[in-house]
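This is upload.txt. It holds compact mmCIF, C-alpha atoms.
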```txt
# COMPACT_ATOMS: atom_id res chain seq x y z
CA MET Y 10 0.00 0.00 0.00
CA THR Y 11 1.13 3.55 -0.71
CA HIS Y 12 2.46 5.47 2.28
CA PRO Y 13 0.07 7.93 3.95
CA ILE Y 14 -0.21 11.42 2.44
CA PRO Y 15 -0.31 14.22 5.06
CA ASP Y 16 -2.98 16.21 3.23
CA VAL Y 17 -4.75 14.78 0.21
CA ILE Y 18 -6.20 18.09 -1.00
CA ASP Y 19 -2.72 19.70 -0.97
CA PHE Y 20 -1.32 16.65 -2.72
CA LEU Y 21 -3.97 16.79 -5.46
CA VAL Y 22 -3.63 20.55 -5.93
CA GLY Y 23 0.14 20.19 -6.32
CA PRO Y 24 2.87 22.60 -5.21
CA ALA Y 25 1.24 25.96 -4.44
CA PRO Y 26 3.13 27.88 -1.72
CA GLY Y 27 0.79 30.86 -2.18
CA LEU Y 28 -2.09 28.75 -0.88
CA ASP Y 29 -0.39 27.84 2.43
CA PRO Y 30 -1.29 31.01 4.38
CA ILE Y 31 -4.81 30.82 2.98
CA ARG Y 32 -5.37 27.22 3.99
CA ALA Y 33 -3.78 28.00 7.37
CA LYS Y 34 -6.58 30.52 8.07
CA ARG Y 35 -9.05 27.63 7.87
CA ALA Y 36 -6.93 25.06 9.66
CA GLN Y 37 -9.91 23.26 11.20
CA ALA Y 38 -11.54 22.86 7.78
CA ARG Y 39 -8.27 21.62 6.35
CA ASP Y 40 -7.69 19.10 9.16
CA ASN Y 41 -11.24 17.84 9.02
CA ALA Y 42 -11.35 17.51 5.24
CA GLN Y 43 -8.35 15.23 5.74
CA LYS Y 44 -10.05 13.41 8.65
CA SER Y 45 -13.11 12.94 6.44
CA PHE Y 46 -10.95 11.31 3.80
CA GLU Y 47 -9.42 9.04 6.45
CA ALA Y 48 -12.79 8.18 8.01
CA LEU Y 49 -14.04 7.05 4.60
CA PHE Y 50 -10.94 5.37 3.15
CA SER Y 51 -9.03 4.08 6.17
CA PRO Y 52 -11.83 3.64 8.70
CA GLN Y 53 -11.14 2.20 12.15
CA ASP Y 54 -14.18 0.02 11.56
CA ALA Y 55 -15.25 -0.39 7.92
CA GLY Y 56 -18.48 -2.04 9.08
CA THR Y 57 -20.13 -3.77 6.13
CA VAL Y 58 -18.94 -1.45 3.37
CA SER Y 59 -15.66 -2.96 2.16
CA LEU Y 60 -12.62 -0.91 1.24
CA GLU Y 61 -12.93 -2.35 -2.26
CA GLU Y 62 -16.47 -0.96 -2.55
CA ARG Y 63 -15.41 2.41 -1.16
CA LEU Y 64 -12.51 2.80 -3.59
CA ALA Y 65 -14.50 1.45 -6.55
CA VAL Y 66 -17.25 4.04 -5.99
CA ALA Y 67 -14.67 6.80 -5.41
CA THR Y 68 -12.78 5.98 -8.61
CA PHE Y 69 -16.07 5.95 -10.52
CA VAL Y 70 -17.17 9.30 -9.03
CA ALA Y 71 -13.80 10.97 -9.73
CA GLY Y 72 -14.01 9.66 -13.31
CA LEU Y 73 -17.50 11.13 -13.69
CA HIS Y 74 -16.03 14.52 -12.76
CA ARG Y 75 -13.51 13.98 -15.61
CA ASP Y 76 -10.56 14.78 -13.41
CA ALA Y 77 -7.84 12.40 -14.56
CA ALA Y 78 -5.47 13.10 -11.65
CA ILE Y 79 -8.09 12.51 -8.95
CA ALA Y 80 -9.45 9.44 -10.74
CA ALA Y 81 -5.89 8.07 -10.92
CA PHE Y 82 -5.37 8.82 -7.21
CA TYR Y 83 -8.33 6.64 -6.22
CA GLY Y 84 -7.79 4.15 -9.06
CA ASP Y 85 -4.21 3.51 -7.88
CA ARG Y 86 -5.54 2.66 -4.44
CA LEU Y 87 -8.27 0.43 -5.83
CA ALA Y 88 -6.13 -1.62 -8.23
CA PRO Y 89 -4.03 -3.56 -5.67
CA ILE Y 90 -7.02 -4.65 -3.57
CA ALA Y 91 -9.66 -5.08 -6.29
CA ARG Y 92 -11.07 -8.36 -7.51
CA GLN Y 93 -9.99 -9.43 -11.03
CA GLY Y 94 -11.22 -7.07 -13.73
CA LEU Y 95 -12.83 -4.56 -11.37
CA ALA Y 96 -10.42 -1.61 -11.73
CA ALA Y 97 -10.56 -1.76 -15.54
CA ALA Y 98 -14.35 -2.13 -15.50
CA ILE Y 99 -14.73 0.94 -13.25
CA ALA Y 100 -12.52 3.05 -15.50
CA GLU Y 101 -14.48 1.94 -18.57
CA GLU Y 102 -17.82 2.50 -16.84
CA SER Y 103 -16.98 6.05 -15.69
CA ARG Y 104 -16.17 6.96 -19.30
CA LYS Y 105 -19.45 5.51 -20.58
CA ALA Y 106 -21.54 7.13 -17.84
CA ALA Y 107 -20.05 10.65 -18.04
CA THR Y 108 -22.47 13.47 -18.77
CA GLU Y 109 -23.12 17.02 -17.53
CA GLY Y 110 -25.10 18.01 -14.44
CA PRO Y 111 -27.00 18.96 -12.43
CA TYR Y 112 -30.26 17.88 -14.05
CA GLY Y 113 -33.41 16.08 -12.91
CA ASN Y 114 -36.94 16.73 -11.74
CA TYR Y 115 -38.50 18.80 -8.95
CA PRO Y 116 -41.54 17.75 -6.95
CA LYS Y 117 -44.66 18.55 -8.97
CA GLY Y 118 -45.47 22.27 -8.73
CA PRO Y 119 -44.15 25.67 -9.79
CA LEU Y 120 -40.60 24.33 -10.24
CA SER Y 121 -41.70 21.64 -12.71
CA LYS Y 122 -40.91 24.06 -15.53
CA GLU Y 123 -37.25 23.79 -14.49
CA ASN Y 124 -37.24 19.99 -14.89
CA GLU Y 125 -34.38 18.87 -17.09
CA PRO Y 126 -34.10 15.40 -18.60
CA GLY Y 127 -30.78 13.56 -18.73
CA LEU Y 128 -29.06 10.22 -18.60
CA ILE Y 129 -30.48 7.63 -16.18
CA TYR Y 130 -27.44 5.43 -15.75
CA LYS Y 131 -27.68 1.64 -15.59
CA ALA Y 132 -24.47 -0.17 -14.69
CA GLY Y 133 -22.96 -2.46 -17.31
CA ALA Y 134 -20.44 -5.22 -16.47
CA ARG Y 135 -22.81 -6.58 -13.83
CA ASP Y 136 -20.97 -9.90 -13.86
CA VAL Y 137 -17.86 -8.08 -12.61
CA PHE Y 138 -19.64 -5.71 -10.20
CA GLY Y 139 -22.30 -8.00 -8.75
CA ALA Y 140 -25.79 -6.70 -7.94
CA ARG Y 141 -24.76 -4.84 -4.77
CA LEU Y 142 -21.92 -2.79 -6.23
CA ALA Y 143 -23.90 -2.20 -9.46
CA ALA Y 144 -26.70 -0.65 -7.36
CA GLY Y 145 -24.11 1.43 -5.48
CA LEU Y 146 -22.65 2.78 -8.73
CA GLU Y 147 -26.10 3.63 -10.08
CA HIS Y 148 -26.89 5.52 -6.88
CA ALA Y 149 -23.52 7.31 -7.02
CA HIS Y 150 -24.32 8.47 -10.55
CA LEU Y 151 -27.68 9.81 -9.36
CA LEU Y 152 -25.99 11.71 -6.51
CA VAL Y 153 -23.33 13.17 -8.78
CA PHE Y 154 -25.49 14.34 -11.67
CA ARG Y 155 -29.15 14.50 -10.62
CA PRO Y 156 -29.37 14.76 -6.84
CA ARG Y 157 -32.81 16.37 -7.06
CA ASP Y 158 -34.11 13.09 -8.56
CA ALA Y 159 -33.33 11.32 -5.28
CA SER Y 160 -36.28 9.35 -3.91
CA PRO Y 161 -37.25 6.78 -1.31
CA GLU Y 162 -37.52 4.31 -4.22
CA ALA Y 163 -33.82 4.85 -4.99
CA LEU Y 164 -32.98 3.99 -1.37
CA GLN Y 165 -35.29 0.96 -1.49
CA THR Y 166 -33.33 -0.29 -4.52
CA LEU Y 167 -30.15 -0.08 -2.41
CA LEU Y 168 -31.78 -1.85 0.55
CA ASP Y 169 -33.02 -4.60 -1.79
CA ALA Y 170 -29.49 -4.98 -3.22
CA GLY Y 171 -28.07 -5.66 0.26
CA TRP Y 172 -27.04 -2.19 1.49
CA SER Y 173 -28.14 -1.66 5.11
CA ALA Y 174 -29.38 1.74 6.34
CA THR Y 175 -25.95 2.37 7.86
CA ASP Y 176 -24.22 1.27 4.63
CA ILE Y 177 -26.37 3.76 2.70
CA VAL Y 178 -25.32 6.59 5.04
CA THR Y 179 -21.65 5.69 4.44
CA LEU Y 180 -22.14 5.42 0.65
CA SER Y 181 -23.98 8.77 0.55
CA GLN Y 182 -21.31 10.48 2.65
CA LEU Y 183 -18.59 9.05 0.45
CA VAL Y 184 -20.09 10.32 -2.81
CA ALA Y 185 -21.08 13.67 -1.28
CA PHE Y 186 -17.63 14.13 0.31
CA LEU Y 187 -16.00 13.54 -3.09
CA ALA Y 188 -18.29 16.16 -4.64
CA PHE Y 189 -16.75 18.53 -2.05
CA GLN Y 190 -13.15 17.36 -2.24
CA ILE Y 191 -13.01 17.45 -6.05
CA ARG Y 192 -14.43 21.00 -6.11
CA VAL Y 193 -12.03 22.26 -3.44
CA VAL Y 194 -9.14 20.85 -5.48
CA THR Y 195 -10.52 22.36 -8.70
CA GLY Y 196 -11.03 25.76 -7.08
CA PHE Y 197 -7.65 25.81 -5.33
CA ARG Y 198 -5.81 24.75 -8.49
CA ALA Y 199 -7.41 27.70 -10.32
CA LEU Y 200 -6.53 30.06 -7.46
CA ALA Y 201 -2.93 28.80 -7.36
CA ALA Y 202 -2.63 29.26 -11.12
CA ALA Y 203 -3.97 32.82 -10.85
CA GLN Y 204 -1.45 33.56 -8.07
CA LYS Y 205 1.39 32.35 -10.29
CA THR Y 206 0.24 34.54 -13.18
CA GLN Y 207 0.09 37.49 -10.82
CA THR Y 208 3.59 36.85 -9.46
CA ALA Y 209 4.97 36.50 -12.99
CA ALA Y 210 3.37 39.80 -14.01
CA ALA Y 211 4.62 41.67 -10.95
CA MET C 23 -37.02 -9.96 4.80
CA THR C 24 -35.57 -6.76 3.41
CA GLN C 25 -35.91 -3.51 5.25
CA LYS C 26 -38.39 -0.93 3.92
CA VAL C 27 -37.83 2.82 3.61
CA LEU C 28 -39.85 5.14 5.83
CA GLU C 29 -42.93 6.76 4.36
CA VAL C 30 -43.27 10.53 4.67
CA ASP C 31 -46.69 12.20 4.64
CA GLN C 32 -46.70 14.42 1.56
CA THR C 33 -49.64 16.65 2.51
CA ASN C 34 -48.61 20.28 1.85
CA ARG C 35 -45.04 19.26 1.00
CA PRO C 36 -42.86 22.27 0.06
CA VAL C 37 -42.59 22.46 -3.74
CA ALA C 38 -40.97 25.90 -4.18
CA PHE C 39 -37.90 27.71 -2.86
CA THR C 40 -38.65 29.72 0.27
CA GLN C 41 -36.93 31.51 3.15
CA ASP C 42 -39.55 30.15 5.53
CA GLN C 43 -38.52 27.70 8.21
CA ILE C 44 -39.49 24.27 6.89
CA GLY C 45 -38.92 20.77 8.24
CA TRP C 46 -37.16 17.65 6.96
CA ALA C 47 -38.06 13.99 7.38
CA PRO C 48 -35.78 11.00 6.78
CA TRP C 49 -36.41 8.02 4.48
CA LEU C 50 -34.24 5.75 6.65
CA PRO C 51 -34.48 5.25 10.41
CA PRO C 52 -32.34 7.62 12.51
CA LEU C 53 -30.65 6.10 15.54
CA GLU C 54 -32.58 6.20 18.81
CA GLU C 55 -30.96 8.04 21.69
CA SER C 56 -30.80 4.74 23.61
CA GLU C 57 -28.61 3.28 20.83
CA LEU C 58 -25.90 5.95 21.10
CA THR C 59 -22.44 4.89 22.27
CA GLU C 60 -19.52 7.18 23.08
CA ARG C 61 -18.46 6.97 19.44
CA HIS C 62 -21.86 8.31 18.32
CA TRP C 63 -21.89 11.15 20.85
CA GLU C 64 -18.50 12.23 19.60
CA GLY C 65 -19.71 12.22 15.97
CA LEU C 66 -22.79 14.26 16.86
CA THR C 67 -20.52 16.88 18.52
CA GLU C 68 -23.49 18.64 20.18
CA ALA C 69 -25.96 16.98 22.54
CA SER C 70 -28.83 19.08 21.13
CA ARG C 71 -28.47 17.25 17.83
CA THR C 72 -30.23 14.22 19.26
CA LYS C 73 -33.43 16.16 18.46
CA SER C 74 -32.55 16.29 14.75
CA PRO C 75 -33.60 13.26 12.67
CA TYR C 76 -31.04 14.33 10.04
CA PHE C 77 -28.08 14.23 12.43
CA MET C 78 -29.38 11.10 14.16
CA LEU C 79 -29.49 9.38 10.75
CA LEU C 80 -25.98 10.55 9.84
CA ALA C 81 -24.79 9.36 13.28
CA ARG C 82 -24.95 5.82 11.84
CA ASP C 83 -21.45 6.62 10.54
CA PRO C 84 -20.19 8.86 13.37
CA GLU C 85 -16.56 9.45 12.30
CA ILE C 86 -17.45 11.01 8.96
CA LEU C 87 -20.29 12.99 10.57
CA GLY C 88 -17.93 14.52 13.15
CA ALA C 89 -15.32 15.48 10.55
CA ARG C 90 -18.02 16.83 8.22
CA THR C 91 -19.46 19.02 11.00
CA ARG C 92 -16.06 20.49 11.95
CA THR C 93 -15.30 21.24 8.29
CA ASP C 94 -18.67 22.98 7.91
CA LYS C 95 -18.27 25.13 11.02
CA ASP C 96 -14.84 26.45 10.10
CA ILE C 97 -15.84 27.28 6.53
CA PHE C 98 -18.95 29.20 7.57
CA TYR C 99 -18.37 30.50 11.09
CA ASN C 100 -14.67 31.35 11.29
CA PRO C 101 -14.62 35.19 11.28
CA ASP C 102 -10.85 35.52 10.75
CA ALA C 103 -10.35 37.24 7.33
CA GLY C 104 -11.97 36.14 4.10
CA LEU C 105 -15.49 36.56 2.84
CA PRO C 106 -18.16 38.12 5.13
CA ARG C 107 -20.41 35.49 6.69
CA GLY C 108 -23.48 36.71 4.78
CA GLU C 109 -21.76 36.17 1.44
CA ARG C 110 -20.58 32.70 2.42
CA GLU C 111 -24.27 31.99 3.08
CA LEU C 112 -25.17 33.52 -0.29
CA SER C 113 -22.81 31.04 -1.94
CA ALA C 114 -24.45 28.18 0.00
CA ALA C 115 -27.90 29.39 -1.06
CA ALA C 116 -26.90 29.78 -4.73
CA THR C 117 -25.34 26.32 -4.78
CA SER C 118 -28.47 24.84 -3.18
CA ARG C 119 -30.70 26.70 -5.64
CA PHE C 120 -28.72 25.34 -8.58
CA ASN C 121 -28.59 21.73 -7.31
CA GLY C 122 -32.28 21.93 -6.40
CA CYS C 123 -32.17 21.47 -2.61
CA ILE C 124 -35.29 23.25 -1.36
CA PHE C 125 -34.49 22.51 2.28
CA CYS C 126 -30.83 23.64 2.21
CA ALA C 127 -31.72 26.75 0.22
CA SER C 128 -34.36 27.71 2.79
CA VAL C 129 -31.91 27.59 5.69
CA HIS C 130 -29.03 29.36 3.99
CA ALA C 131 -31.11 31.96 2.15
CA ARG C 132 -32.51 32.85 5.58
CA PHE C 133 -28.96 33.14 6.99
CA ALA C 134 -27.87 35.23 3.98
CA THR C 135 -30.75 37.60 4.69
CA THR C 136 -29.95 37.75 8.39
CA TYR C 137 -26.30 38.69 7.81
CA THR C 138 -26.63 40.93 4.73
CA LYS C 139 -30.06 42.48 5.45
CA ARG C 140 -30.82 42.05 1.74
CA GLY C 141 -33.85 39.79 1.95
CA ALA C 142 -35.42 41.00 -1.31
CA ASP C 143 -32.24 40.28 -3.31
CA VAL C 144 -31.93 36.86 -1.70
CA GLN C 145 -35.58 36.16 -2.52
CA ARG C 146 -34.94 37.04 -6.18
CA LEU C 147 -32.22 34.42 -6.31
CA LEU C 148 -34.73 31.88 -4.99
CA ASP C 149 -37.62 33.01 -7.23
CA GLU C 150 -35.78 33.64 -10.49
CA GLY C 151 -32.88 31.22 -10.13
CA VAL C 152 -29.13 31.58 -10.42
CA GLN C 153 -29.28 33.61 -13.68
CA THR C 154 -31.04 36.51 -11.94
CA ASP C 155 -29.38 39.95 -12.12
CA ILE C 156 -28.75 41.37 -8.63
CA ASP C 157 -25.62 43.54 -8.74
CA GLU C 158 -22.09 43.07 -10.06
CA ARG C 159 -20.61 41.68 -6.86
CA TRP C 160 -23.44 39.27 -6.04
CA ASN C 161 -23.72 38.20 -9.68
CA ALA C 162 -20.00 37.32 -9.59
CA LEU C 163 -20.36 35.37 -6.31
CA VAL C 164 -23.39 33.45 -7.59
CA ALA C 165 -21.81 32.71 -10.99
CA ALA C 166 -18.58 31.43 -9.42
CA SER C 167 -20.55 29.17 -7.03
CA VAL C 168 -22.63 27.81 -9.90
CA ASN C 169 -19.64 27.23 -12.18
CA LEU C 170 -17.89 25.29 -9.42
CA THR C 171 -21.08 23.29 -8.80
CA GLU C 172 -21.49 22.09 -12.38
CA THR C 173 -20.30 18.55 -13.06
CA PRO C 174 -17.71 18.58 -14.46
CA SER C 175 -16.81 21.86 -12.85
CA ALA C 176 -16.68 24.93 -15.11
CA PHE C 177 -14.79 27.06 -12.57
CA GLY C 178 -11.56 28.68 -13.71
CA ALA C 179 -9.36 31.69 -14.33
CA SER C 180 -12.19 33.95 -15.55
CA ASP C 181 -14.14 33.37 -12.30
CA ILE C 182 -11.11 34.33 -10.23
CA GLU C 183 -10.55 37.45 -12.32
CA ARG C 184 -14.16 38.51 -11.95
CA LEU C 185 -14.07 37.96 -8.18
CA ARG C 186 -10.87 39.99 -7.88
CA ASP C 187 -12.47 42.77 -9.92
CA GLU C 188 -15.23 42.84 -7.31
CA GLY C 189 -12.67 43.39 -4.58
CA LEU C 190 -12.27 39.84 -3.23
CA ASP C 191 -8.78 39.01 -2.01
CA ASP C 192 -7.48 35.45 -2.16
CA TYR C 193 -8.72 34.66 1.37
CA ALA C 194 -12.23 35.65 0.32
CA ILE C 195 -11.99 33.69 -2.93
CA ALA C 196 -10.87 30.61 -0.99
CA ASP C 197 -13.88 31.02 1.34
CA LEU C 198 -16.20 31.21 -1.65
CA ILE C 199 -14.64 28.05 -3.13
CA GLN C 200 -14.99 26.16 0.15
CA SER C 201 -18.54 27.42 0.79
CA ALA C 202 -19.80 26.33 -2.63
CA ALA C 203 -17.84 23.08 -2.49
CA PHE C 204 -19.21 22.29 0.97
CA PHE C 205 -22.80 22.71 -0.21
CA ASN C 206 -22.15 20.19 -2.93
CA TRP C 207 -21.61 17.83 -0.01
CA ALA C 208 -24.55 19.01 2.11
CA ASN C 209 -27.08 19.22 -0.75
CA ARG C 210 -26.45 15.62 -1.77
CA LEU C 211 -27.10 14.32 1.75
CA MET C 212 -30.20 16.43 2.38
CA LEU C 213 -31.70 15.66 -1.03
CA SER C 214 -31.08 11.94 -1.00
CA LEU C 215 -31.73 10.76 2.56
CA GLY C 216 -35.11 12.42 3.12
CA GLU C 217 -37.35 15.25 2.04
CA PRO C 218 -38.60 18.68 3.11
CA THR C 219 -41.78 18.87 5.17
CA PRO C 220 -44.19 21.77 5.80
CA PRO C 221 -43.43 24.51 8.33
CA VAL C 222 -44.38 23.49 11.85
CA ALA C 223 -47.32 25.72 12.80
```

Show me the file's structure as structure tokens.
Amino acid sequence: MTHPIPDVIDFLVGPAPGLDPIRAKRAQARDNAQKSFEALFSPQDAGTVSLEERLAVATFVAGLHRDAAIAAFYGDRLAPIARQGLAAAIAEESRKAATEGPYGNYPKGPLSKENEPGLIYKAGARDVFGARLAAGLEHAHLLVFRPRDASPEALQTLLDAGWSATDIVTLSQLVAFLAFQIRVVTGFRALAAAQKTQTAAA
Amino acid sequence: MTQKVLEVDQTNRPVAFTQDQIGWAPWLPPLEESELTERHWEGLTEASRTKSPYFMLLARDPEILGARTRTDKDIFYNPDAGLPRGERELSAAATSRFNGCIFCASVHARFATTYTKRGADVQRLLDEGVQTDIDERWNALVAASVNLTETPSAFGASDIERLRDEGLDDYAIADLIQSAAFFNWANRLMLSLGEPTPPVA
């Protein structure tokens, strides 16, 4: 296994000394973004959501955001522990399932005019994923691209596929955390690049 | 026998964005207070949260809940430098409006109004959506939050330039990034684990 990285967001942003004083002003947010990552990907007690499932969903979600570096970060952690064929299938699946969000439907009423149709993803490679992980990937896609389509039926599908209520909380936190982490990295990369341009111009 | 989701009474369910105080009901069973161990109490971080079905549901995975809560509090409540609190809340409200989280938008639009005293402008964001024209600075804050929220993200150099033109320094820009990013976390939990319920009379 790869050695621990002190701060994953810093690592994914890359060298950016101009960001250090800025991140230091929000030290508790920085420490707890890192603790969130650790709680999800090196939990003291993984319960009934395996590390393989966690990293497979994370690699899929990072791929859906079309961020090659973050997808590789999770994919490199998945590959050594994944069952045969899984890492390749996840990479392939995240390419096939990529679209643009957010879209979806509102509860019937004045907002219905803002309803936007879009891809309803169904997992392929079900022989590799199995029914439980396939359901997890489908739910992850819903959370990434069309969170306003969420429904009790979507959670029932997960329960029926073998995810417990506690497993669903962990899965939801994992996907939602990545939606945060990926955007912090994206935003900080842009800020670091703008700082470099400014320094060069000065 | 598989477990069944909880049914929520949909009489008078909120179907529009509002600054009113509305409720939220879970689709999965929250923990009962009697089930809480030391690990759960630590994840909840505040004893008063046992009254919240949302936090009692998230307490099923207490370590990530505790870290999530501490991240949230620093991004929104830390007054040292950066973006004024009211504009961090504006970013949260704009992100929630764009993702479609009626519950989150209600809470954070209300906070934005409280801290900026600009309730009519905040209401326009809710009524007309993220394309509404408020003023140059708020338009820039809303647009940057929305661009970061798109999947894949559309946030980049032109957003930073526009924010700087509106007088934001890099501490304020970083607060905006973290506020919008955090609501991409919060919206997905609130939208997918339960639904908004009518105001309690």

task: Within 8 Å of (-22.0, 14.2, -0.9) (coordinates as in the file), grab all the protein and nucleic acid residues, counting all atoms listed in the file, and write them out as number ranges by chain.
output: Y: 152, 181-189; C: 206-211

Could you list, as a PDB file with C-alpha atoms, in the frame of the given file, the residues of chain C having an atom within 8 Å of chain Y when counting only C-alpha atoms?
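And here is the file that came out, iface_30.pdb:
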```
ATOM      1  CA  THR C  24     -35.570  -6.760   3.410  1.00  0.00           C
ATOM      2  CA  GLN C  25     -35.910  -3.510   5.250  1.00  0.00           C
ATOM      3  CA  LYS C  26     -38.390  -0.930   3.920  1.00  0.00           C
ATOM      4  CA  VAL C  27     -37.830   2.820   3.610  1.00  0.00           C
ATOM      5  CA  LEU C  28     -39.850   5.140   5.830  1.00  0.00           C
ATOM      6  CA  VAL C  37     -42.590  22.460  -3.740  1.00  0.00           C
ATOM      7  CA  ALA C  38     -40.970  25.900  -4.180  1.00  0.00           C
ATOM      8  CA  TRP C  49     -36.410   8.020   4.480  1.00  0.00           C
ATOM      9  CA  LEU C  50     -34.240   5.750   6.650  1.00  0.00           C
ATOM     10  CA  PRO C  51     -34.480   5.250  10.410  1.00  0.00           C
ATOM     11  CA  LEU C  79     -29.490   9.380  10.750  1.00  0.00           C
ATOM     12  CA  LEU C  80     -25.980  10.550   9.840  1.00  0.00           C
ATOM     13  CA  ARG C  82     -24.950   5.820  11.840  1.00  0.00           C
ATOM     14  CA  ASP C  83     -21.450   6.620  10.540  1.00  0.00           C
ATOM     15  CA  GLU C  85     -16.560   9.450  12.300  1.00  0.00           C
ATOM     16  CA  ILE C  86     -17.450  11.010   8.960  1.00  0.00           C
ATOM     17  CA  ALA C  89     -15.320  15.480  10.550  1.00  0.00           C
ATOM     18  CA  ARG C  90     -18.020  16.830   8.220  1.00  0.00           C
ATOM     19  CA  ARG C  92     -16.060  20.490  11.950  1.00  0.00           C
ATOM     20  CA  THR C  93     -15.300  21.240   8.290  1.00  0.00           C
ATOM     21  CA  ASP C  94     -18.670  22.980   7.910  1.00  0.00           C
ATOM     22  CA  LYS C  95     -18.270  25.130  11.020  1.00  0.00           C
ATOM     23  CA  ASP C  96     -14.840  26.450  10.100  1.00  0.00           C
ATOM     24  CA  ILE C  97     -15.840  27.280   6.530  1.00  0.00           C
ATOM     25  CA  ASN C 100     -14.670  31.350  11.290  1.00  0.00           C
ATOM     26  CA  ASP C 102     -10.850  35.520  10.750  1.00  0.00           C
ATOM     27  CA  ALA C 103     -10.350  37.240   7.330  1.00  0.00           C
ATOM     28  CA  PHE C 120     -28.720  25.340  -8.580  1.00  0.00           C
ATOM     29  CA  ASN C 121     -28.590  21.730  -7.310  1.00  0.00           C
ATOM     30  CA  GLY C 122     -32.280  21.930  -6.400  1.00  0.00           C
ATOM     31  CA  CYS C 123     -32.170  21.470  -2.610  1.00  0.00           C
ATOM     32  CA  LEU C 170     -17.890  25.290  -9.420  1.00  0.00           C
ATOM     33  CA  THR C 171     -21.080  23.290  -8.800  1.00  0.00           C
ATOM     34  CA  GLU C 172     -21.490  22.090 -12.380  1.00  0.00           C
ATOM     35  CA  THR C 173     -20.300  18.550 -13.060  1.00  0.00           C
ATOM     36  CA  PRO C 174     -17.710  18.580 -14.460  1.00  0.00           C
ATOM     37  CA  SER C 175     -16.810  21.860 -12.850  1.00  0.00           C
ATOM     38  CA  PHE C 177     -14.790  27.060 -12.570  1.00  0.00           C
ATOM     39  CA  GLY C 178     -11.560  28.680 -13.710  1.00  0.00           C
ATOM     40  CA  ALA C 179      -9.360  31.690 -14.330  1.00  0.00           C
ATOM     41  CA  ILE C 182     -11.110  34.330 -10.230  1.00  0.00           C
ATOM     42  CA  ASP C 192      -7.480  35.450  -2.160  1.00  0.00           C
ATOM     43  CA  TYR C 193      -8.720  34.660   1.370  1.00  0.00           C
ATOM     44  CA  ILE C 195     -11.990  33.690  -2.930  1.00  0.00           C
ATOM     45  CA  ALA C 196     -10.870  30.610  -0.990  1.00  0.00           C
ATOM     46  CA  ILE C 199     -14.640  28.050  -3.130  1.00  0.00           C
ATOM     47  CA  GLN C 200     -14.990  26.160   0.150  1.00  0.00           C
ATOM     48  CA  ALA C 203     -17.840  23.080  -2.490  1.00  0.00           C
ATOM     49  CA  PHE C 204     -19.210  22.290   0.970  1.00  0.00           C
ATOM     50  CA  PHE C 205     -22.800  22.710  -0.210  1.00  0.00           C
ATOM     51  CA  ASN C 206     -22.150  20.190  -2.930  1.00  0.00           C
ATOM     52  CA  TRP C 207     -21.610  17.830  -0.010  1.00  0.00           C
ATOM     53  CA  ALA C 208     -24.550  19.010   2.110  1.00  0.00           C
ATOM     54  CA  ASN C 209     -27.080  19.220  -0.750  1.00  0.00           C
ATOM     55  CA  ARG C 210     -26.450  15.620  -1.770  1.00  0.00           C
ATOM     56  CA  LEU C 211     -27.100  14.320   1.750  1.00  0.00           C
ATOM     57  CA  LEU C 213     -31.700  15.660  -1.030  1.00  0.00           C
ATOM     58  CA  SER C 214     -31.080  11.940  -1.000  1.00  0.00           C
ATOM     59  CA  LEU C 215     -31.730  10.760   2.560  1.00  0.00           C
ATOM     60  CA  GLY C 216     -35.110  12.420   3.120  1.00  0.00           C
TER      61      GLY C 216
END
```

message: Using Å and a single decimal, report how far atom CA of C:Thr59 sits from atom CA of Y:Glu61.
response: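 According to the coordinates, atom CA of Y:Glu61 and atom CA of C:Thr59 are separated by 27.3 Å.
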
- prompt: In terms of the shortest atom-to-atom distance over only C-alpha atoms, which of C:Arg107, C:Ser113, C:Gln41, C:Ser118 is closest to C:Gly141?
  reply: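 Once distances to C:Gly141 are computed over only C-alpha atoms, the minimum belongs to C:Gln41.
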
task: In Å, rounded to a single decimal, give me how far atom CA of C:Ala115 is from atom CA of C:Pro218.
output: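 Atom-to-atom, atom CA of C:Pro218 to atom CA of C:Ala115, that is 15.7 Å.
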
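Restricting the calculation to all atoms listed in the file, the smallest distance between Y:Phe69 and any of Y:Leu128, Y:Ala88, Y:Leu142, Y:Ala149 is found for Y:Ala149.
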
- prompt: In Å, with one decimal, what is the gap from atom CA of Y:Thr68 to atom CA of Y:Gly84?
  reply: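 We find that atom CA of Y:Thr68 and atom CA of Y:Gly84 lie 5.3 Å from each other.
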
Neighbours of C:Arg35 within 12 Å (only C-alpha atoms; same-chain residues fewer than 5 positions away dropped), as a CSV table (one decimal) with C-alpha atoms, in the coordinates of the input?
```
chain,number,residue,atom,x,y,z
Y,115,TYR,CA,-38.5,18.8,-9.0
Y,116,PRO,CA,-41.5,17.8,-7.0
Y,117,LYS,CA,-44.7,18.6,-9.0
Y,118,GLY,CA,-45.5,22.3,-8.7
C,30,VAL,CA,-43.3,10.5,4.7
C,44,ILE,CA,-39.5,24.3,6.9
C,45,GLY,CA,-38.9,20.8,8.2
C,46,TRP,CA,-37.2,17.6,7.0
C,47,ALA,CA,-38.1,14.0,7.4
C,124,ILE,CA,-35.3,23.2,-1.4
C,125,PHE,CA,-34.5,22.5,2.3
C,217,GLU,CA,-37.4,15.2,2.0
C,218,PRO,CA,-38.6,18.7,3.1
C,219,THR,CA,-41.8,18.9,5.2
C,220,PRO,CA,-44.2,21.8,5.8
C,221,PRO,CA,-43.4,24.5,8.3
C,222,VAL,CA,-44.4,23.5,11.8
```

For C:Thr67: contacts at 9 Å, all atoms listed in the file, fewer than 6 positions along chain excluded, given as an MDAnalysis selection string: chainID C and resid 87:88 91:92
